[in-house]
$ cat data-v5.cif   # mmCIF, C-alpha atoms
data_my_file
loop_
_atom_site.group_PDB
_atom_site.id
_atom_site.type_symbol
_atom_site.label_atom_id
_atom_site.label_comp_id
_atom_site.auth_asym_id
_atom_site.auth_seq_id
_atom_site.Cartn_x
_atom_site.Cartn_y
_atom_site.Cartn_z
ATOM 1 C CA MET G 21 51.452 67.294 155.815
ATOM 2 C CA PRO G 22 53.326 64.028 156.495
ATOM 3 C CA ALA G 23 56.189 62.765 154.325
ATOM 4 C CA TRP G 24 54.240 59.548 153.626
ATOM 5 C CA THR G 25 51.025 59.013 151.664
ATOM 6 C CA HIS G 26 50.133 55.385 152.531
ATOM 7 C CA LEU G 27 51.411 54.410 155.973
ATOM 8 C CA ILE G 28 51.363 50.909 157.422
ATOM 9 C CA ARG G 29 52.698 49.445 160.652
ATOM 10 C CA PHE G 30 53.916 45.899 160.346
ATOM 11 C CA VAL G 31 56.275 43.185 161.459
ATOM 12 C CA ALA G 32 59.009 42.674 158.870
ATOM 13 C CA GLN G 33 60.157 39.332 157.558
ATOM 14 C CA GLU G 34 63.762 40.525 157.592
ATOM 15 C CA ASP G 35 64.131 41.077 161.351
ATOM 16 C CA ASN G 36 60.792 40.064 162.948
ATOM 17 C CA GLN G 37 60.498 43.593 164.390
ATOM 18 C CA ALA G 38 57.680 46.154 164.216
ATOM 19 C CA HIS G 39 58.191 49.050 161.776
ATOM 20 C CA LEU G 40 56.371 51.914 160.141
ATOM 21 C CA GLY G 41 56.450 51.960 156.368
ATOM 22 C CA GLN G 42 55.314 53.690 153.202
ATOM 23 C CA LEU G 43 53.775 51.271 150.719
ATOM 24 C CA VAL G 44 55.934 50.784 147.643
ATOM 25 C CA ASP G 45 52.952 50.020 145.401
ATOM 26 C CA THR G 46 50.142 52.317 146.492
ATOM 27 C CA SER G 47 47.805 51.008 143.794
ATOM 28 C CA ARG G 48 47.392 47.666 145.594
ATOM 29 C CA ASP G 49 44.823 46.802 148.263
ATOM 30 C CA VAL G 50 47.219 45.814 151.040
ATOM 31 C CA GLY G 51 44.434 44.250 153.096
ATOM 32 C CA LEU G 52 43.510 41.821 150.333
ATOM 33 C CA ASP G 53 47.150 41.154 149.428
ATOM 34 C CA THR G 54 48.145 40.110 152.934
ATOM 35 C CA VAL G 55 45.182 37.748 153.288
ATOM 36 C CA ASP G 56 45.966 36.264 149.869
ATOM 37 C CA ASP G 57 49.650 35.805 150.836
ATOM 38 C CA LYS G 58 50.850 38.161 148.120
ATOM 39 C CA PRO G 59 54.154 39.944 148.881
ATOM 40 C CA VAL G 60 53.847 43.478 150.253
ATOM 41 C CA LYS G 61 56.858 45.789 150.285
ATOM 42 C CA ALA G 62 57.286 49.062 152.180
ATOM 43 C CA TYR G 63 59.894 51.787 152.459
ATOM 44 C CA GLN G 64 60.930 51.936 156.102
ATOM 45 C CA ILE G 65 59.830 55.064 157.969
ATOM 46 C CA VAL G 66 62.079 56.374 160.711
ATOM 47 C CA GLY G 67 60.240 58.293 163.430
ATOM 48 C CA THR G 68 56.582 58.368 164.441
ATOM 49 C CA ILE G 69 53.353 58.567 162.465
ATOM 50 C CA PHE G 70 53.484 62.334 163.045
ATOM 51 C CA ASP G 71 57.071 63.158 162.075
ATOM 52 C CA GLY G 72 58.401 60.050 160.348
ATOM 53 C CA GLU G 73 60.762 60.289 157.372
ATOM 54 C CA VAL G 74 60.553 57.825 154.502
ATOM 55 C CA THR G 75 63.868 56.066 153.811
ATOM 56 C CA LYS G 76 65.044 54.072 150.774
ATOM 57 C CA ASN G 77 65.305 50.874 152.830
ATOM 58 C CA ILE G 78 62.704 48.378 151.589
ATOM 59 C CA LEU G 79 61.233 45.778 153.960
ATOM 60 C CA THR G 80 58.853 42.880 153.370
ATOM 61 C CA VAL G 81 55.639 42.645 155.390
ATOM 62 C CA LYS G 82 55.305 39.501 157.492
ATOM 63 C CA TYR G 83 51.998 40.639 158.947
ATOM 64 C CA LEU G 84 50.188 43.939 159.494
ATOM 65 C CA LEU G 85 49.553 45.815 162.714
ATOM 66 C CA SER G 86 47.252 48.736 163.472
ATOM 67 C CA PRO G 87 48.929 51.907 162.118
ATOM 68 C CA VAL G 88 47.996 53.603 165.389
ATOM 69 C CA GLU G 89 49.195 51.583 168.350
ATOM 70 C CA ARG G 90 47.339 51.717 171.651
ATOM 71 C CA GLU G 91 50.112 53.736 173.299
ATOM 72 C CA THR G 92 49.788 56.478 170.658
ATOM 73 C CA CYS G 93 45.998 56.629 170.779
ATOM 74 C CA ASN G 94 44.804 58.800 173.680
ATOM 75 C CA TYR G 95 41.091 58.886 172.873
ATOM 76 C CA ILE G 96 38.654 57.110 170.551
ATOM 77 C CA ARG G 97 35.716 59.409 169.796
ATOM 78 C CA CYS G 98 32.762 57.876 167.959
ATOM 79 C CA LEU G 99 29.652 59.322 166.342
ATOM 80 C CA GLY G 100 26.318 57.539 166.532
ATOM 81 C CA LEU G 101 23.489 57.928 164.030
ATOM 82 C CA ASN G 102 25.467 60.041 161.549
ATOM 83 C CA TYR G 103 24.176 58.737 158.203
ATOM 84 C CA LYS G 104 20.784 59.718 156.838
ATOM 85 C CA ASP G 105 20.021 56.247 155.487
ATOM 86 C CA HIS G 106 20.972 54.652 158.821
ATOM 87 C CA ALA G 107 18.618 57.010 160.684
ATOM 88 C CA GLU G 108 15.902 56.102 158.175
ATOM 89 C CA GLU G 109 16.355 52.337 158.620
ATOM 90 C CA ALA G 110 16.194 52.847 162.408
ATOM 91 C CA SER G 111 13.057 55.054 162.068
ATOM 92 C CA LEU G 112 14.773 57.788 164.075
ATOM 93 C CA ALA G 113 14.726 61.555 163.585
ATOM 94 C CA LEU G 114 17.932 63.170 162.372
ATOM 95 C CA PRO G 115 19.944 64.406 165.374
ATOM 96 C CA LYS G 116 20.339 68.157 165.829
ATOM 97 C CA ALA G 117 23.912 67.775 167.104
ATOM 98 C CA PRO G 118 26.557 65.038 166.812
ATOM 99 C CA ILE G 119 25.911 62.108 169.165
ATOM 100 C CA LEU G 120 29.199 61.253 170.854
ATOM 101 C CA PHE G 121 30.256 58.088 172.608
ATOM 102 C CA THR G 122 33.726 56.750 173.331
ATOM 103 C CA LYS G 123 35.739 53.543 173.283
ATOM 104 C CA PRO G 124 38.697 52.686 175.517
ATOM 105 C CA ARG G 125 41.952 52.083 173.702
ATOM 106 C CA SER G 126 41.850 48.458 174.917
ATOM 107 C CA ALA G 127 39.231 47.977 172.181
ATOM 108 C CA LEU G 128 41.753 48.875 169.478
ATOM 109 C CA ILE G 129 43.140 46.062 167.330
ATOM 110 C CA GLY G 130 44.756 45.717 163.946
ATOM 111 C CA PRO G 131 43.802 44.059 160.658
ATOM 112 C CA TYR G 132 44.112 40.369 159.831
ATOM 113 C CA PRO G 133 45.602 38.246 161.342
ATOM 114 C CA ALA G 134 44.170 40.062 164.391
ATOM 115 C CA ALA G 135 40.657 38.821 165.197
ATOM 116 C CA VAL G 136 37.528 40.613 166.394
ATOM 117 C CA ASN G 137 37.055 39.277 169.897
ATOM 118 C CA ILE G 138 33.522 38.473 171.083
ATOM 119 C CA PRO G 139 33.522 37.934 174.869
ATOM 120 C CA LYS G 140 31.106 35.601 176.582
ATOM 121 C CA CYS G 141 28.836 38.478 177.659
ATOM 122 C CA ALA G 142 28.203 39.296 173.978
ATOM 123 C CA GLN G 143 27.751 35.741 172.657
ATOM 124 C CA ASP G 144 23.978 36.135 172.640
ATOM 125 C CA GLY G 145 23.226 36.356 168.934
ATOM 126 C CA THR G 146 23.373 40.157 168.748
ATOM 127 C CA SER G 147 27.044 40.941 168.008
ATOM 128 C CA ASP G 148 27.072 43.329 165.063
ATOM 129 C CA TYR G 149 29.357 45.169 162.621
ATOM 130 C CA GLU G 150 29.431 48.834 161.570
ATOM 131 C CA ALA G 151 31.630 49.923 158.658
ATOM 132 C CA GLU G 152 33.022 53.401 159.295
ATOM 133 C CA LEU G 153 35.470 55.930 157.908
ATOM 134 C CA CYS G 154 38.083 56.624 160.551
ATOM 135 C CA LEU G 155 40.356 59.630 160.903
ATOM 136 C CA VAL G 156 43.404 60.323 163.031
ATOM 137 C CA ILE G 157 44.073 63.802 164.409
ATOM 138 C CA GLY G 158 47.587 64.898 163.457
ATOM 139 C CA LYS G 159 48.062 68.013 165.570
ATOM 140 C CA THR G 160 46.579 69.200 168.828
ATOM 141 C CA GLY G 161 43.894 71.874 168.635
ATOM 142 C CA ARG G 162 40.957 73.480 170.398
ATOM 143 C CA ASP G 163 38.009 75.557 169.175
ATOM 144 C CA ILE G 164 38.791 74.595 165.588
ATOM 145 C CA SER G 165 36.769 76.267 162.858
ATOM 146 C CA GLU G 166 35.066 74.246 160.132
ATOM 147 C CA GLU G 167 37.227 76.072 157.603
ATOM 148 C CA ASP G 168 40.449 74.886 159.275
ATOM 149 C CA ALA G 169 39.234 71.476 160.452
ATOM 150 C CA LEU G 170 40.789 69.293 157.750
ATOM 151 C CA HIS G 171 44.223 70.805 158.443
ATOM 152 C CA TYR G 172 44.158 68.903 161.753
ATOM 153 C CA VAL G 173 43.657 65.505 160.096
ATOM 154 C CA LEU G 174 46.729 63.281 159.762
ATOM 155 C CA GLY G 175 45.034 60.651 157.626
ATOM 156 C CA TYR G 176 42.043 58.432 156.965
ATOM 157 C CA THR G 177 41.459 54.720 157.259
ATOM 158 C CA ALA G 178 38.753 52.086 157.659
ATOM 159 C CA SER G 179 37.267 50.876 160.929
ATOM 160 C CA ASN G 180 34.609 48.548 162.272
ATOM 161 C CA ASP G 181 32.540 49.674 165.241
ATOM 162 C CA VAL G 182 31.738 46.194 166.547
ATOM 163 C CA SER G 183 28.722 46.389 168.839
ATOM 164 C CA ALA G 184 26.927 44.131 171.313
ATOM 165 C CA ARG G 185 23.294 45.089 170.624
ATOM 166 C CA ASN G 186 21.589 43.609 173.706
ATOM 167 C CA LEU G 187 24.080 45.396 175.942
ATOM 168 C CA GLN G 188 23.665 48.556 173.865
ATOM 169 C CA PHE G 189 19.865 48.645 174.077
ATOM 170 C CA ALA G 190 19.878 47.960 177.824
ATOM 171 C CA THR G 191 20.965 51.554 178.500
ATOM 172 C CA SER G 192 20.965 54.976 176.865
ATOM 173 C CA GLN G 193 24.763 55.140 177.074
ATOM 174 C CA TRP G 194 26.572 53.064 174.436
ATOM 175 C CA SER G 195 30.222 53.134 175.502
ATOM 176 C CA PHE G 196 30.180 49.831 177.415
ATOM 177 C CA SER G 197 28.476 47.822 174.657
ATOM 178 C CA LYS G 198 30.819 49.234 172.010
ATOM 179 C CA GLY G 199 34.025 49.224 174.063
ATOM 180 C CA LEU G 200 34.630 45.552 174.838
ATOM 181 C CA ASP G 201 38.259 44.413 174.584
ATOM 182 C CA SER G 202 39.500 44.062 171.001
ATOM 183 C CA SER G 203 36.116 45.105 169.591
ATOM 184 C CA CYS G 204 37.369 48.071 167.563
ATOM 185 C CA PRO G 205 39.445 46.799 164.659
ATOM 186 C CA ILE G 206 40.792 50.084 163.392
ATOM 187 C CA GLY G 207 43.037 47.859 161.408
ATOM 188 C CA ILE G 208 42.952 50.757 159.737
ATOM 189 C CA GLY G 209 42.091 50.137 156.283
ATOM 190 C CA PRO G 210 44.606 48.571 156.877
ATOM 191 C CA VAL G 211 46.592 51.575 155.666
ATOM 192 C CA LEU G 212 46.529 55.166 156.915
ATOM 193 C CA VAL G 213 46.067 57.404 153.864
ATOM 194 C CA SER G 214 47.162 61.034 153.978
ATOM 195 C CA THR G 215 45.006 64.047 153.207
ATOM 196 C CA SER G 216 47.099 64.686 150.081
ATOM 197 C CA VAL G 217 45.501 61.542 148.632
ATOM 198 C CA ILE G 218 42.036 62.183 150.125
ATOM 199 C CA PRO G 219 41.554 65.975 150.151
ATOM 200 C CA ASP G 220 37.760 65.607 150.463
ATOM 201 C CA PRO G 221 36.568 62.812 152.786
ATOM 202 C CA GLN G 222 32.944 63.226 151.679
ATOM 203 C CA THR G 223 33.606 61.571 148.310
ATOM 204 C CA LEU G 224 34.165 57.941 149.353
ATOM 205 C CA SER G 225 32.119 54.787 148.890
ATOM 206 C CA ILE G 226 32.005 52.539 151.974
ATOM 207 C CA LYS G 227 30.968 48.894 152.197
ATOM 208 C CA ALA G 228 30.848 46.026 154.659
ATOM 209 C CA LEU G 229 31.042 42.410 153.530
ATOM 210 C CA TYR G 230 30.281 39.491 155.818
ATOM 211 C CA ASN G 231 31.273 36.025 154.629
ATOM 212 C CA SER G 232 31.651 37.452 151.087
ATOM 213 C CA LYS G 233 28.154 39.007 151.007
ATOM 214 C CA THR G 234 27.767 42.799 150.811
ATOM 215 C CA VAL G 235 25.756 43.857 153.868
ATOM 216 C CA GLN G 236 26.391 47.633 153.831
ATOM 217 C CA ASP G 237 26.794 49.830 150.757
ATOM 218 C CA GLY G 238 26.954 53.538 151.496
ATOM 219 C CA HIS G 239 28.756 56.783 150.734
ATOM 220 C CA THR G 240 30.356 59.383 152.985
ATOM 221 C CA SER G 241 28.370 62.136 151.250
ATOM 222 C CA ASP G 242 25.364 60.790 153.182
ATOM 223 C CA MET G 243 26.792 61.873 156.549
ATOM 224 C CA ILE G 244 24.514 64.128 158.585
ATOM 225 C CA PHE G 245 27.501 65.925 160.090
ATOM 226 C CA ASN G 246 30.464 65.959 157.735
ATOM 227 C CA ILE G 247 34.085 65.656 158.882
ATOM 228 C CA ARG G 248 34.594 69.423 159.105
ATOM 229 C CA LYS G 249 31.522 69.807 161.313
ATOM 230 C CA GLN G 250 32.508 66.878 163.527
ATOM 231 C CA ILE G 251 35.974 68.246 164.271
ATOM 232 C CA SER G 252 34.727 71.777 164.814
ATOM 233 C CA TYR G 253 31.831 70.745 167.054
ATOM 234 C CA LEU G 254 33.808 68.295 169.196
ATOM 235 C CA SER G 255 36.692 70.758 169.674
ATOM 236 C CA GLN G 256 34.459 73.423 171.257
ATOM 237 C CA GLY G 257 36.054 74.129 174.630
ATOM 238 C CA THR G 258 37.764 70.744 174.266
ATOM 239 C CA THR G 259 41.350 69.949 173.331
ATOM 240 C CA LEU G 260 41.683 67.361 170.588
ATOM 241 C CA GLU G 261 45.113 65.864 171.078
ATOM 242 C CA ALA G 262 47.285 64.497 168.291
ATOM 243 C CA GLY G 263 46.630 60.764 168.110
ATOM 244 C CA THR G 264 42.906 61.077 168.799
ATOM 245 C CA ILE G 265 40.876 58.701 166.645
ATOM 246 C CA PHE G 266 37.439 59.562 165.241
ATOM 247 C CA LEU G 267 34.957 56.920 164.087
ATOM 248 C CA THR G 268 32.594 58.964 161.973
ATOM 249 C CA GLY G 269 29.391 56.912 161.840
ATOM 250 C CA THR G 270 27.988 54.029 159.789
ATOM 251 C CA PRO G 271 25.624 53.846 156.796
ATOM 252 C CA ALA G 272 22.506 51.706 156.559
ATOM 253 C CA GLY G 273 22.729 47.930 156.571
ATOM 254 C CA ILE G 274 23.834 46.988 160.082
ATOM 255 C CA GLY G 275 23.123 43.371 160.937
ATOM 256 C CA PHE G 276 20.375 44.177 163.435
ATOM 257 C CA PHE G 277 18.090 45.564 160.708
ATOM 258 C CA HIS G 278 18.535 42.740 158.199
ATOM 259 C CA LYS G 279 15.691 40.243 157.854
ATOM 260 C CA PRO G 280 16.744 37.809 159.199
ATOM 261 C CA ALA G 281 19.339 39.565 161.341
ATOM 262 C CA VAL G 282 23.000 39.150 160.402
ATOM 263 C CA VAL G 283 25.124 38.214 163.416
ATOM 264 C CA LEU G 284 28.895 37.990 163.821
ATOM 265 C CA GLU G 285 29.489 34.284 164.378
ATOM 266 C CA ASP G 286 32.613 32.483 165.535
ATOM 267 C CA GLY G 287 34.934 32.030 162.554
ATOM 268 C CA GLY G 288 33.116 34.585 160.397
ATOM 269 C CA ASP G 289 34.914 36.872 157.934
ATOM 270 C CA ILE G 290 34.076 40.583 158.240
ATOM 271 C CA ARG G 291 35.464 43.167 155.825
ATOM 272 C CA VAL G 292 35.189 46.937 155.514
ATOM 273 C CA HIS G 293 36.099 48.428 152.137
ATOM 274 C CA ILE G 294 36.502 52.172 151.630
ATOM 275 C CA GLU G 295 37.340 53.812 148.325
ATOM 276 C CA LYS G 296 40.972 55.055 148.047
ATOM 277 C CA ILE G 297 41.857 53.222 151.282
ATOM 278 C CA GLY G 298 41.331 49.509 150.758
ATOM 279 C CA THR G 299 39.947 46.614 152.739
ATOM 280 C CA LEU G 300 40.071 46.031 156.477
ATOM 281 C CA ILE G 301 39.729 42.295 157.087
ATOM 282 C CA ASN G 302 39.209 40.441 160.368
ATOM 283 C CA LYS G 303 38.080 37.013 161.409
ATOM 284 C CA VAL G 304 35.595 36.738 164.292
ATOM 285 C CA ARG G 305 36.682 34.811 167.374
ATOM 286 C CA TYR G 306 34.463 33.811 170.282
ATOM 287 C CA GLU G 307 36.562 33.704 173.444
#
$ encode --input "data-v5.cif" --output "structure tokens"
Amino acid sequence: MPAWTHLIRFVAQEDNQAHLGQLVDTSRDVGLDTVDDKPVKAYQIVGTIFDGEVTKNILTVKYLLSPVERETCNYIRCLGLNYKDHAEEASLALPKAPILFTKPRSALIGPYPAAVNIPKCAQDGTSDYEAELCLVIGKTGRDISEEDALHYVLGYTASNDVSARNLQFATSQWSFSKGLDSSCPIGIGPVLVSTSVIPDPQTLSIKALYNSKTVQDGHTSDMIFNIRKQISYLSQGTTLEAGTIFLTGTPAGIGFFHKPAVVLEDGGDIRVHIEKIGTLINKVRYE
């Protein structure tokens, strides 16, 4: 188990350098505080997200970065159709096994002030959000049992599986439509919360808000394949390396199924809030 409980990566006001830190006040929603220009303090962490030690040196956050940088992330594994209410809204049968697709790490961005990038090929009125619980694998493993699965989790955070629906529905494989540059704001909650704080990931409310309106309102207990099953299934004959990121599926309420449809527009404000983690906030930017 890591030495930290609430890890952030940030640029400090004191030296304009990137650091890892443990939040001083873990009761605050650091995502909301940074957007509202409220001061955020963190104890400097020396080392990596895997072995870092919390020091007594306190730094002030200038702006937040993704807790998992692209160089640390070796694989982004994503589950499709993993909430019962989402399968119901899509009029699809529940899958018999986890549906896996992937994103390249070039899709990974941080929380505000980083923006969700919508490239020209996706500026067709179908760019969509998906609020998801995200986990980071903390130690390498293979053929992991369901019983041991949570011991391989470093921490949990929030993520947004931004999707280009027309590109997605043009083929049976989703990776291209969901892997566009800077389309995966694992801004990560924007804090990575340890398993000591979240011992059971199936007990969390999860919401998406677009331009201040709640558009998704779900709960991780509604997952078809829970976190233990996901890790165990996807580690069969497959090495899950430390630093691997899992996006674990989205509840009902994606923009495509709203009447009228809700679309990510240039300048829009998209937020993912997860209980015990906080709020991931990004603006939408059309390139």
$ resolve_selection --input "data-v5.cif" --expression "the PyMOL selection byres ((chain G and resi 184) around 6)" --output "ChimeraX atom specification"
/G:142,146-147,183,185-187,197
$ residues_around --input "data-v5.cif" --residues "Ser47 of chain G" --least-positions-apart "5" --cutoff "10 Å" --atoms "only C-alpha atoms" --output "list of chain:residue names"
G:Lys296, G:Ile297, G:Gly298
$ resolve_selection --input "data-v5.cif" --expression "the PyMOL selection byres ((chain G and resi 231) around 9)" --output "short mmCIF file (atom, residue, chain, number, x, y, z; two decimals) with C-alpha atoms, keeping the file's coordinate frame"
data_model
loop_
_atom_site.label_atom_id
_atom_site.label_comp_id
_atom_site.auth_asym_id
_atom_site.auth_seq_id
_atom_site.Cartn_x
_atom_site.Cartn_y
_atom_site.Cartn_z
CA LEU G 229 31.04 42.41 153.53
CA TYR G 230 30.28 39.49 155.82
CA SER G 232 31.65 37.45 151.09
CA LYS G 233 28.15 39.01 151.01
CA THR G 234 27.77 42.80 150.81
CA GLY G 288 33.12 34.58 160.40
CA ASP G 289 34.91 36.87 157.93
CA ILE G 290 34.08 40.58 158.24
CA ARG G 291 35.46 43.17 155.82
#
$ atom_distance --input "data-v5.cif" --atom1 "atom CA of Ser179 of chain G" --atom2 "atom CA of Pro210 of chain G"
8.7 Å
$ atom_distance --input "data-v5.cif" --atom1 "atom CA of Ile157 of chain G" --atom2 "atom CA of Arg125 of chain G"
15.1 Å
$ closest_residue --input "data-v5.cif" --among "G:Leu84, G:Pro221, G:Ala23, G:Tyr95" --to "Val55 of chain G" --atoms "only C-alpha atoms"
G:Leu84
$ atom_distance --input "data-v5.cif" --atom1 "atom CA of Glu150 of chain G" --atom2 "atom CA of Ile251 of chain G"
20.7 Å
$ decode --input "data-v5.cif" --residues "segment 35-119 of chain G" --atoms "C-alpha atoms" --output "PDB file, in the first residue's frame"
ATOM      1  CA  ASP G  35       9.463  26.808  -8.397  1.00  0.00           C
ATOM      2  CA  ASN G  36       7.267  26.349 -11.510  1.00  0.00           C
ATOM      3  CA  GLN G  37       8.295  22.667 -11.598  1.00  0.00           C
ATOM      4  CA  ALA G  38       6.212  19.479 -11.759  1.00  0.00           C
ATOM      5  CA  HIS G  39       5.873  17.527  -8.491  1.00  0.00           C
ATOM      6  CA  LEU G  40       3.952  14.704  -6.902  1.00  0.00           C
ATOM      7  CA  GLY G  41       2.130  15.560  -3.709  1.00  0.00           C
ATOM      8  CA  GLN G  42      -0.157  14.348  -0.951  1.00  0.00           C
ATOM      9  CA  LEU G  43      -3.092  16.684  -0.390  1.00  0.00           C
ATOM     10  CA  VAL G  44      -2.878  18.509   2.925  1.00  0.00           C
ATOM     11  CA  ASP G  45      -6.660  18.820   3.248  1.00  0.00           C
ATOM     12  CA  THR G  46      -8.141  15.584   1.944  1.00  0.00           C
ATOM     13  CA  SER G  47     -11.690  16.701   2.731  1.00  0.00           C
ATOM     14  CA  ARG G  48     -11.659  19.242  -0.118  1.00  0.00           C
ATOM     15  CA  ASP G  49     -12.637  18.632  -3.744  1.00  0.00           C
ATOM     16  CA  VAL G  50      -9.359  19.637  -5.378  1.00  0.00           C
ATOM     17  CA  GLY G  51     -10.938  19.749  -8.831  1.00  0.00           C
ATOM     18  CA  LEU G  52     -13.491  22.348  -7.779  1.00  0.00           C
ATOM     19  CA  ASP G  53     -10.956  24.290  -5.702  1.00  0.00           C
ATOM     20  CA  THR G  54      -8.511  24.747  -8.564  1.00  0.00           C
ATOM     21  CA  VAL G  55     -11.222  25.937 -10.955  1.00  0.00           C
ATOM     22  CA  ASP G  56     -12.506  28.339  -8.294  1.00  0.00           C
ATOM     23  CA  ASP G  57      -8.960  29.669  -7.685  1.00  0.00           C
ATOM     24  CA  LYS G  58      -8.935  28.491  -4.081  1.00  0.00           C
ATOM     25  CA  PRO G  59      -5.465  27.683  -2.676  1.00  0.00           C
ATOM     26  CA  VAL G  60      -4.484  24.009  -2.709  1.00  0.00           C
ATOM     27  CA  LYS G  61      -1.546  22.792  -0.636  1.00  0.00           C
ATOM     28  CA  ALA G  62       0.283  19.463  -0.881  1.00  0.00           C
ATOM     29  CA  TYR G  63       3.066  17.683   0.959  1.00  0.00           C
ATOM     30  CA  GLN G  64       5.801  17.019  -1.579  1.00  0.00           C
ATOM     31  CA  ILE G  65       6.293  13.361  -2.506  1.00  0.00           C
ATOM     32  CA  VAL G  66       9.789  12.205  -3.368  1.00  0.00           C
ATOM     33  CA  GLY G  67       9.892   9.240  -5.745  1.00  0.00           C
ATOM     34  CA  THR G  68       7.302   7.814  -8.126  1.00  0.00           C
ATOM     35  CA  ILE G  69       3.594   7.098  -7.791  1.00  0.00           C
ATOM     36  CA  PHE G  70       4.586   3.527  -6.895  1.00  0.00           C
ATOM     37  CA  ASP G  71       7.277   4.091  -4.264  1.00  0.00           C
ATOM     38  CA  GLY G  72       7.054   7.768  -3.348  1.00  0.00           C
ATOM     39  CA  GLU G  73       7.603   8.962   0.225  1.00  0.00           C
ATOM     40  CA  VAL G  74       5.598  11.838   1.660  1.00  0.00           C
ATOM     41  CA  THR G  75       7.794  14.639   3.036  1.00  0.00           C
ATOM     42  CA  LYS G  76       6.955  17.543   5.368  1.00  0.00           C
ATOM     43  CA  ASN G  77       7.710  20.100   2.644  1.00  0.00           C
ATOM     44  CA  ILE G  78       4.484  21.894   1.688  1.00  0.00           C
ATOM     45  CA  LEU G  79       4.019  23.292  -1.829  1.00  0.00           C
ATOM     46  CA  THR G  80       1.246  25.374  -3.373  1.00  0.00           C
ATOM     47  CA  VAL G  81      -0.509  24.136  -6.513  1.00  0.00           C
ATOM     48  CA  LYS G  82      -0.228  26.449  -9.511  1.00  0.00           C
ATOM     49  CA  TYR G  83      -2.130  24.047 -11.738  1.00  0.00           C
ATOM     50  CA  LEU G  84      -2.878  20.319 -11.809  1.00  0.00           C
ATOM     51  CA  LEU G  85      -1.506  17.646 -14.103  1.00  0.00           C
ATOM     52  CA  SER G  86      -2.625  14.068 -14.692  1.00  0.00           C
ATOM     53  CA  PRO G  87      -1.383  11.970 -11.733  1.00  0.00           C
ATOM     54  CA  VAL G  88      -0.268   9.360 -14.261  1.00  0.00           C
ATOM     55  CA  GLU G  89       1.925  10.905 -16.924  1.00  0.00           C
ATOM     56  CA  ARG G  90       2.027   9.448 -20.420  1.00  0.00           C
ATOM     57  CA  GLU G  91       5.528   8.052 -19.897  1.00  0.00           C
ATOM     58  CA  THR G  92       4.355   6.034 -16.873  1.00  0.00           C
ATOM     59  CA  CYS G  93       1.216   4.703 -18.542  1.00  0.00           C
ATOM     60  CA  ASN G  94       1.999   1.661 -20.706  1.00  0.00           C
ATOM     61  CA  TYR G  95      -1.551   0.629 -21.592  1.00  0.00           C
ATOM     62  CA  ILE G  96      -5.067   2.059 -21.324  1.00  0.00           C
ATOM     63  CA  ARG G  97      -7.585  -0.789 -21.145  1.00  0.00           C
ATOM     64  CA  CYS G  98     -11.259   0.145 -21.416  1.00  0.00           C
ATOM     65  CA  LEU G  99     -14.491  -1.769 -20.892  1.00  0.00           C
ATOM     66  CA  GLY G 100     -17.509  -1.190 -23.103  1.00  0.00           C
ATOM     67  CA  LEU G 101     -21.111  -1.838 -22.093  1.00  0.00           C
ATOM     68  CA  ASN G 102     -20.346  -2.606 -18.438  1.00  0.00           C
ATOM     69  CA  TYR G 103     -23.329  -1.023 -16.661  1.00  0.00           C
ATOM     70  CA  LYS G 104     -26.745  -2.653 -16.631  1.00  0.00           C
ATOM     71  CA  ASP G 105     -28.616   0.630 -17.051  1.00  0.00           C
ATOM     72  CA  HIS G 106     -26.381   1.622 -19.981  1.00  0.00           C
ATOM     73  CA  ALA G 107     -27.078  -1.709 -21.712  1.00  0.00           C
ATOM     74  CA  GLU G 108     -30.790  -1.123 -21.103  1.00  0.00           C
ATOM     75  CA  GLU G 109     -30.770   2.388 -22.602  1.00  0.00           C
ATOM     76  CA  ALA G 110     -28.923   0.991 -25.646  1.00  0.00           C
ATOM     77  CA  SER G 111     -31.416  -1.930 -25.930  1.00  0.00           C
ATOM     78  CA  LEU G 112     -28.521  -4.393 -25.907  1.00  0.00           C
ATOM     79  CA  ALA G 113     -28.217  -7.771 -24.196  1.00  0.00           C
ATOM     80  CA  LEU G 114     -25.849  -7.997 -21.247  1.00  0.00           C
ATOM     81  CA  PRO G 115     -22.437  -9.216 -22.453  1.00  0.00           C
ATOM     82  CA  LYS G 116     -21.285 -12.664 -21.345  1.00  0.00           C
ATOM     83  CA  ALA G 117     -17.666 -11.510 -21.013  1.00  0.00           C
ATOM     84  CA  PRO G 118     -15.992  -8.105 -20.600  1.00  0.00           C
ATOM     85  CA  ILE G 119     -15.817  -6.144 -23.865  1.00  0.00           C
TER      86      ILE G 119
END
